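S.K.: My structure is stored as my_file-v4.tsv, with TSV, C-alpha atoms.
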chain	number	residue	atom	x	y	z
A	1013	MET	CA	-26.22	5.57	-2.09
A	1014	ILE	CA	-24.13	2.68	-0.73
A	1015	ALA	CA	-24.10	0.98	-4.13
A	1016	THR	CA	-22.83	4.18	-5.77
A	1017	ILE	CA	-20.08	4.64	-3.17
A	1018	GLU	CA	-19.03	1.03	-3.53
A	1019	LYS	CA	-19.01	1.24	-7.32
A	1020	VAL	CA	-16.89	4.44	-7.29
A	1021	GLU	CA	-14.55	2.95	-4.71
A	1022	HIS	CA	-14.26	-0.24	-6.76
A	1023	TRP	CA	-13.24	1.63	-9.93
A	1024	ILE	CA	-10.77	3.81	-8.06
A	1025	ALA	CA	-9.26	0.65	-6.56
A	1026	LYS	CA	-8.92	-0.90	-10.03
A	1027	ILE	CA	-7.00	2.17	-11.20
A	1028	GLU	CA	-4.85	2.11	-8.04
A	1029	THR	CA	-4.08	-1.58	-8.53
A	1030	ALA	CA	-3.22	-1.14	-12.21
A	1031	LEU	CA	-0.95	1.81	-11.41
A	1032	LEU	CA	0.70	-0.15	-8.60
A	1033	ALA	CA	1.31	-3.12	-10.93
A	1034	PHE	CA	2.76	-0.79	-13.57
A	1035	VAL	CA	5.13	0.92	-11.12
A	1036	VAL	CA	6.31	-2.40	-9.65
A	1037	GLY	CA	6.83	-3.80	-13.16
A	1038	LEU	CA	8.75	-0.69	-14.16
A	1039	MET	CA	10.95	-1.04	-11.07
A	1040	VAL	CA	11.76	-4.67	-11.94
A	1041	VAL	CA	12.59	-3.82	-15.55
A	1042	LEU	CA	14.76	-0.85	-14.57
A	1043	ALA	CA	16.61	-2.89	-11.94
A	1044	PHE	CA	17.25	-5.65	-14.51
A	1045	VAL	CA	18.47	-3.12	-17.10
A	1046	GLU	CA	20.69	-1.48	-14.49
A	1047	VAL	CA	22.33	-4.82	-13.59
A	1048	VAL	CA	22.87	-5.77	-17.23
A	1049	LEU	CA	24.38	-2.36	-18.02
A	1050	LYS	CA	26.65	-2.49	-14.96
A	1051	LEU	CA	27.88	-5.94	-15.94
A	1052	SER	CA	28.66	-4.67	-19.43
A	1053	GLY	CA	30.55	-1.69	-17.97
A	1054	HIS	CA	28.02	0.93	-19.05
A	1055	GLY	CA	26.04	1.57	-15.89
A	1056	ILE	CA	23.62	4.48	-15.65
A	1057	PRO	CA	23.54	5.79	-12.06
A	1058	GLN	CA	20.25	7.61	-12.66
A	1059	LEU	CA	18.40	4.28	-12.99
A	1060	ALA	CA	19.10	3.43	-9.34
A	1061	GLN	CA	18.00	6.89	-8.26
A	1062	PHE	CA	14.82	6.64	-10.33
A	1063	ASN	CA	14.06	3.27	-8.73
A	1064	ARG	CA	14.49	4.77	-5.25
A	1065	TYR	CA	11.90	7.39	-6.11
A	1066	LEU	CA	9.56	4.68	-7.40
A	1067	VAL	CA	9.75	2.93	-4.01
A	1068	ILE	CA	7.85	5.91	-2.57
A	1069	TRP	CA	5.16	5.41	-5.20
A	1070	VAL	CA	4.90	1.69	-4.40
A	1071	GLY	CA	4.54	2.46	-0.69
A	1072	PHE	CA	1.72	4.95	-1.11
A	1073	LEU	CA	-0.10	3.05	-3.87
A	1074	GLY	CA	0.21	-0.14	-1.84
A	1075	GLY	CA	-1.28	1.73	1.12
A	1076	THR	CA	-4.28	2.81	-0.95
A	1077	VAL	CA	-4.89	-0.74	-2.15
A	1078	ALA	CA	-4.52	-2.07	1.41
A	1079	SER	CA	-7.00	0.55	2.66
A	1080	TYR	CA	-9.53	-0.51	0.02
A	1081	GLN	CA	-9.14	-4.16	0.96
A	1082	ALA	CA	-9.19	-3.35	4.70
A	1083	ARG	CA	-5.76	-4.97	4.99
A	1084	HIS	CA	-4.00	-1.91	6.35
A	1085	ILE	CA	-2.21	-2.12	9.68
A	1086	ASN	CA	-4.94	-2.71	12.20
A	1087	ILE	CA	-4.90	-3.40	15.91
A	1088	ASP	CA	-8.05	-5.33	16.61
A	1089	VAL	CA	-7.45	-6.36	20.21
A	1090	VAL	CA	-10.73	-4.82	21.37
A	1091	THR	CA	-12.87	-6.42	18.65
A	1092	LYS	CA	-11.67	-9.90	19.67
A	1093	PHE	CA	-13.34	-9.49	23.06
A	1094	VAL	CA	-16.47	-7.62	21.98
A	1095	LYS	CA	-19.29	-9.89	20.86
A	1096	SER	CA	-22.07	-7.35	20.35
A	1097	ARG	CA	-22.74	-6.37	16.74
A	1098	THR	CA	-23.67	-2.83	17.79
A	1099	ALA	CA	-20.47	-2.42	19.81
A	1100	ASN	CA	-18.43	-3.67	16.84
A	1101	ARG	CA	-20.14	-1.09	14.60
A	1102	VAL	CA	-19.32	1.69	17.07
A	1103	ILE	CA	-15.69	0.52	17.20
A	1104	ALA	CA	-15.54	0.34	13.37
A	1105	ILE	CA	-16.91	3.88	13.11
A	1106	ALA	CA	-14.42	5.22	15.66
A	1107	VAL	CA	-11.45	3.47	14.03
A	1108	ASN	CA	-12.36	4.53	10.50
A	1109	VAL	CA	-13.14	8.13	11.49
A	1110	SER	CA	-9.77	8.33	13.27
A	1111	ALA	CA	-7.93	6.83	10.29
A	1112	MET	CA	-9.80	9.12	7.88
A	1113	PHE	CA	-8.99	12.18	9.99
A	1114	LEU	CA	-5.29	11.28	10.15
A	1115	ALA	CA	-5.10	10.49	6.43
A	1116	PHE	CA	-6.68	13.83	5.48
A	1117	LEU	CA	-4.53	15.69	8.03
A	1118	LEU	CA	-1.38	14.10	6.60
A	1119	MET	CA	-2.67	14.86	3.09
A	1120	ALA	CA	-2.81	18.55	4.03
A	1121	VAL	CA	0.77	18.34	5.31
A	1122	GLY	CA	1.72	16.52	2.09
A	1123	ILE	CA	0.17	19.30	0.00
A	1124	SER	CA	2.19	21.86	1.94
A	1125	TYR	CA	5.34	19.78	1.44
A	1126	LEU	CA	4.61	19.42	-2.28
A	1127	SER	CA	4.00	23.16	-2.56
A	1128	ASP	CA	7.38	23.85	-0.94
A	1129	MET	CA	9.04	21.42	-3.35
A	1130	ILE	CA	7.40	23.09	-6.35
A	1131	ASP	CA	8.57	26.50	-5.12
A	1132	ALA	CA	12.13	25.17	-4.67
A	1133	ASP	CA	12.01	23.71	-8.21
A	1134	LYS	CA	14.96	21.42	-7.41
A	1135	VAL	CA	16.13	18.95	-10.03
A	1136	GLY	CA	16.50	15.50	-8.49
A	1137	PHE	CA	18.56	14.12	-11.35
A	1138	VAL	CA	19.01	14.43	-15.08
A	1139	GLY	CA	18.38	11.31	-17.11
A	1140	PHE	CA	18.44	11.05	-20.90
A	1141	GLY	CA	18.66	14.83	-21.07
A	1142	ILE	CA	15.45	15.28	-19.06
A	1143	PRO	CA	15.70	17.20	-15.77
A	1144	PHE	CA	13.54	15.16	-13.37
A	1145	LYS	CA	12.17	17.51	-10.72
A	1146	ASP	CA	11.93	16.23	-7.14
A	1147	TRP	CA	8.31	17.28	-6.82
A	1148	TRP	CA	7.25	15.03	-9.73
A	1149	PHE	CA	7.88	12.05	-7.49
A	1150	ALA	CA	6.38	13.66	-4.37
A	1151	VAL	CA	2.97	14.11	-6.03
A	1152	VAL	CA	2.05	10.63	-4.82
A	1153	ILE	CA	2.27	11.67	-1.14
A	1154	PRO	CA	-0.85	13.88	-0.89
A	1155	PHE	CA	-2.54	11.94	-3.68
A	1156	GLY	CA	-2.05	8.57	-1.93
A	1157	LEU	CA	-3.08	9.93	1.47
A	1158	GLY	CA	-6.20	11.48	-0.06
A	1159	LEU	CA	-7.17	8.14	-1.60
A	1160	MET	CA	-6.58	6.37	1.71
A	1161	GLY	CA	-8.78	8.97	3.41
A	1162	PHE	CA	-11.49	8.36	0.81
A	1163	HIS	CA	-11.39	4.60	1.47
A	1164	PHE	CA	-11.65	5.22	5.22
A	1165	LEU	CA	-14.56	7.60	4.61
A	1166	ALA	CA	-16.33	4.88	2.62
A	1167	ARG	CA	-15.65	2.36	5.43
A	1168	THR	CA	-17.08	4.84	7.94
A	1169	ILE	CA	-20.27	5.23	5.90
A	1170	TYR	CA	-20.55	1.45	5.55
A	1171	ALA	CA	-20.19	1.03	9.33
A	1172	ILE	CA	-22.78	3.74	10.06
A	1173	VAL	CA	-25.43	2.08	7.90
A	1174	GLY	CA	-24.45	-1.43	9.00
A	1175	TYR	CA	-23.23	-2.57	5.58
A	1176	GLU	CA	-20.39	-5.06	5.41
A	1177	PRO	CA	-18.73	-5.00	1.99
A	1178	PRO	CA	-17.74	-8.33	0.47
A	1179	ASP	CA	-14.19	-9.62	0.71
A	1180	ARG	CA	-12.19	-7.40	-1.62
A	1181	THR	CA	-9.00	-9.37	-1.93
A	1182	GLU	CA	-8.27	-10.38	-5.49
A	1183	HIS	CA	-6.63	-13.68	-4.63
A	1184	LYS	CA	-7.37	-15.64	-1.52
A	1185	PRO	CA	-4.42	-17.69	-0.28
A	1186	GLU	CA	-4.90	-21.41	-0.60
A	1187	ALA	CA	-4.93	-23.40	2.60
A	1188	MET	CA	-1.77	-25.45	2.99
A	1189	PRO	CA	-2.38	-29.18	2.92
A	1190	GLU	CA	-1.82	-30.83	6.23
A	1191	ILE	CA	1.37	-32.84	6.42
A	1192	ALA	CA	1.01	-36.11	8.22
A	1193	GLU	CA	3.63	-36.70	10.88
A	1194	ALA	CA	4.62	-39.89	9.10
A	1195	GLN	CA	5.80	-37.75	6.15
A	1196	LEU	CA	8.11	-35.63	8.31
A	1197	PRO	CA	11.76	-36.70	8.63
A	1198	PRO	CA	12.78	-37.83	12.10
A	1199	VAL	CA	14.48	-35.29	14.34
A	1200	VAL	CA	17.92	-36.50	15.28
A	1201	ALA	CA	19.79	-34.94	18.19
A	1202	ASP	CA	23.46	-34.16	17.67
A	1203	GLU	CA	26.12	-35.20	20.15
A	1204	GLY	CA	25.62	-32.06	22.24
A	1205	GLY	CA	22.00	-32.95	22.83
A	1206	ALA	CA	20.58	-29.97	20.87
A	1207	GLN	CA	17.90	-30.62	18.31
Let me see the structure of the file written as structure tokens.
M.R.:
Amino acid sequence: MIATIEKVEHWIAKIETALLAFVVGLMVVLAFVEVVLKLSGHGIPQLAQFNRYLVIWVGFLGGTVASYQARHINIDVVTKFVKSRTANRVIAIAVNVSAMFLAFLLMAVGISYLSDMIDADKVGFVGFGIPFKDWWFAVVIPFGLGLMGFHFLARTIYAIVGYEPPDRTEHKPEAMPEIAEAQLPPVVADEGGAQ
């Protein structure tokens, strides 16, 4: 069962990461095009507005990837002082159940918000003759929160059975080489005595 959950979670995370990379790349390209067009005197104001909407997508997709990698905002003050493996499992279960509950609760609110936006049928902007509806961009809110809730559910199950998934970060940061003090320039005080 754990292997199946981890495999499903892994494939979902791959899709999330690919979608996040695509949206960030699209934002960079659109920002570049917007600058070039503005410099040539032919700016398109809808590009900036479209990019602002994409920021919401980056935030929620980034949150789903961070939840998968267990790199979401976490206050681990208690776990620093607890040495017992069982106590750490209980804390992990409580934290992940709380996060899962909040994510699914906010997902329900997001669905309600999205439903209201669909009913309003408001056009956010018109670009290239296409009326972009506001709710098209808000779809990511309940979707992203649901995916975060799923990742927290998986973490809860892992904690219950005592399974610790491997490190899920794609790229581990390299350790910085130590700089010998002899390589550092000397600190010289100015005339006021400040360094």
S.K.: Quick one: everything within 8 Å of stretch 1077-1085 of chain A, counting only C-alpha atoms, minus sequence neighbours fewer than 6 positions away in the same chain. Send it as a count of residues only.
M.R.: 10
S.K.: Report, in Å to a single decimal, how far apart atom CA of A:Ile1105 and atom CA of A:Phe1093 are.
M.R.: 17.0 Å
S.K.: Would you list the contacts of A:Ile1056 as a ChimeraX atom specification, taking every protein, DNA or RNA residue within 10 Å and counting all atoms listed in the file, but skipping same-chain residues closer than 4 positions in sequence?
M.R.: /A:1045-1047,1049-1050,1060-1061,1139-1140
S.K.: Within 8 Å of A:Arg1101, counting only C-alpha atoms, which residues show up once you throw out same-chain ones fewer than 4 positions away? Write them as a compact mmCIF listing (two decimals) with C-alpha atoms, in the coordinates of the input, please.
M.R.:
# COMPACT_ATOMS: atom_id res chain seq x y z
CA ARG A 1097 -22.74 -6.37 16.74
CA ILE A 1105 -16.91 3.88 13.11
CA ALA A 1171 -20.19 1.03 9.33
CA ILE A 1172 -22.78 3.74 10.06
CA GLY A 1174 -24.45 -1.43 9.00
S.K.: Skip stretch 1108-1113 of chain A itself and residues of its chain fewer than 2 positions away, then list as an NGL selection string all residues within 9 Å of it, counting only C-alpha atoms.
M.R.: :A and (1103-1106 or 1115-1118 or 1160-1168 or 1171)
S.K.: Find, counting all atoms listed in the file, the residue in A:Ala1120, A:Leu1073, A:Leu1042, A:Ile1142 that gets nearest to A:Ile1027.
M.R.: A:Leu1073
S.K.: Interatomic distance between atom CA of A:Trp1023 and atom CA of A:Val1121?
M.R.: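 For atom CA of A:Trp1023 relative to atom CA of A:Val1121, the distance reads 26.6 Å.
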S.K.: One number please: atom CA of A:Glu1018 to atom CA of A:Leu1114, in Å, one decimal.
M.R.: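 Between these atoms lies a distance of 21.9 Å.
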S.K.: For a quick check of understanding, using all atoms listed in the file, which of A:Val1102, A:Pro1057, A:Trp1069, A:Val1094 has the smallest distance to A:Phe1149?
M.R.: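 Of A:Val1102, A:Pro1057, A:Trp1069, A:Val1094, the one nearest A:Phe1149, counting all atoms listed in the file, is A:Trp1069.
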S.K.: Considering only C-alpha atoms, state which residue in the set A:Tyr1175, A:Phe1044, A:Phe1072, A:Phe1144 is at the smallest distance from A:Leu1157.
M.R.: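 Once distances to A:Leu1157 are computed over only C-alpha atoms, the minimum belongs to A:Phe1072.
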S.K.: For A:Ala1150, which of A:Lys1134, A:Lys1092, A:His1054, A:Lys1026 is the closest residue, counting all atoms listed in the file?
M.R.: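 Residue with the minimum atom-to-atom distance to A:Ala1150: A:Lys1134.
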S.K.: So that I can see what lies close to A:Pro1154, please list as an NGL selection string the residues with an atom at most 6 Å from it, counting all atoms listed in the file and leaving out residues fewer than 3 positions away in the same chain.
M.R.: :A and (1119 or 1122-1123 or 1157-1158)
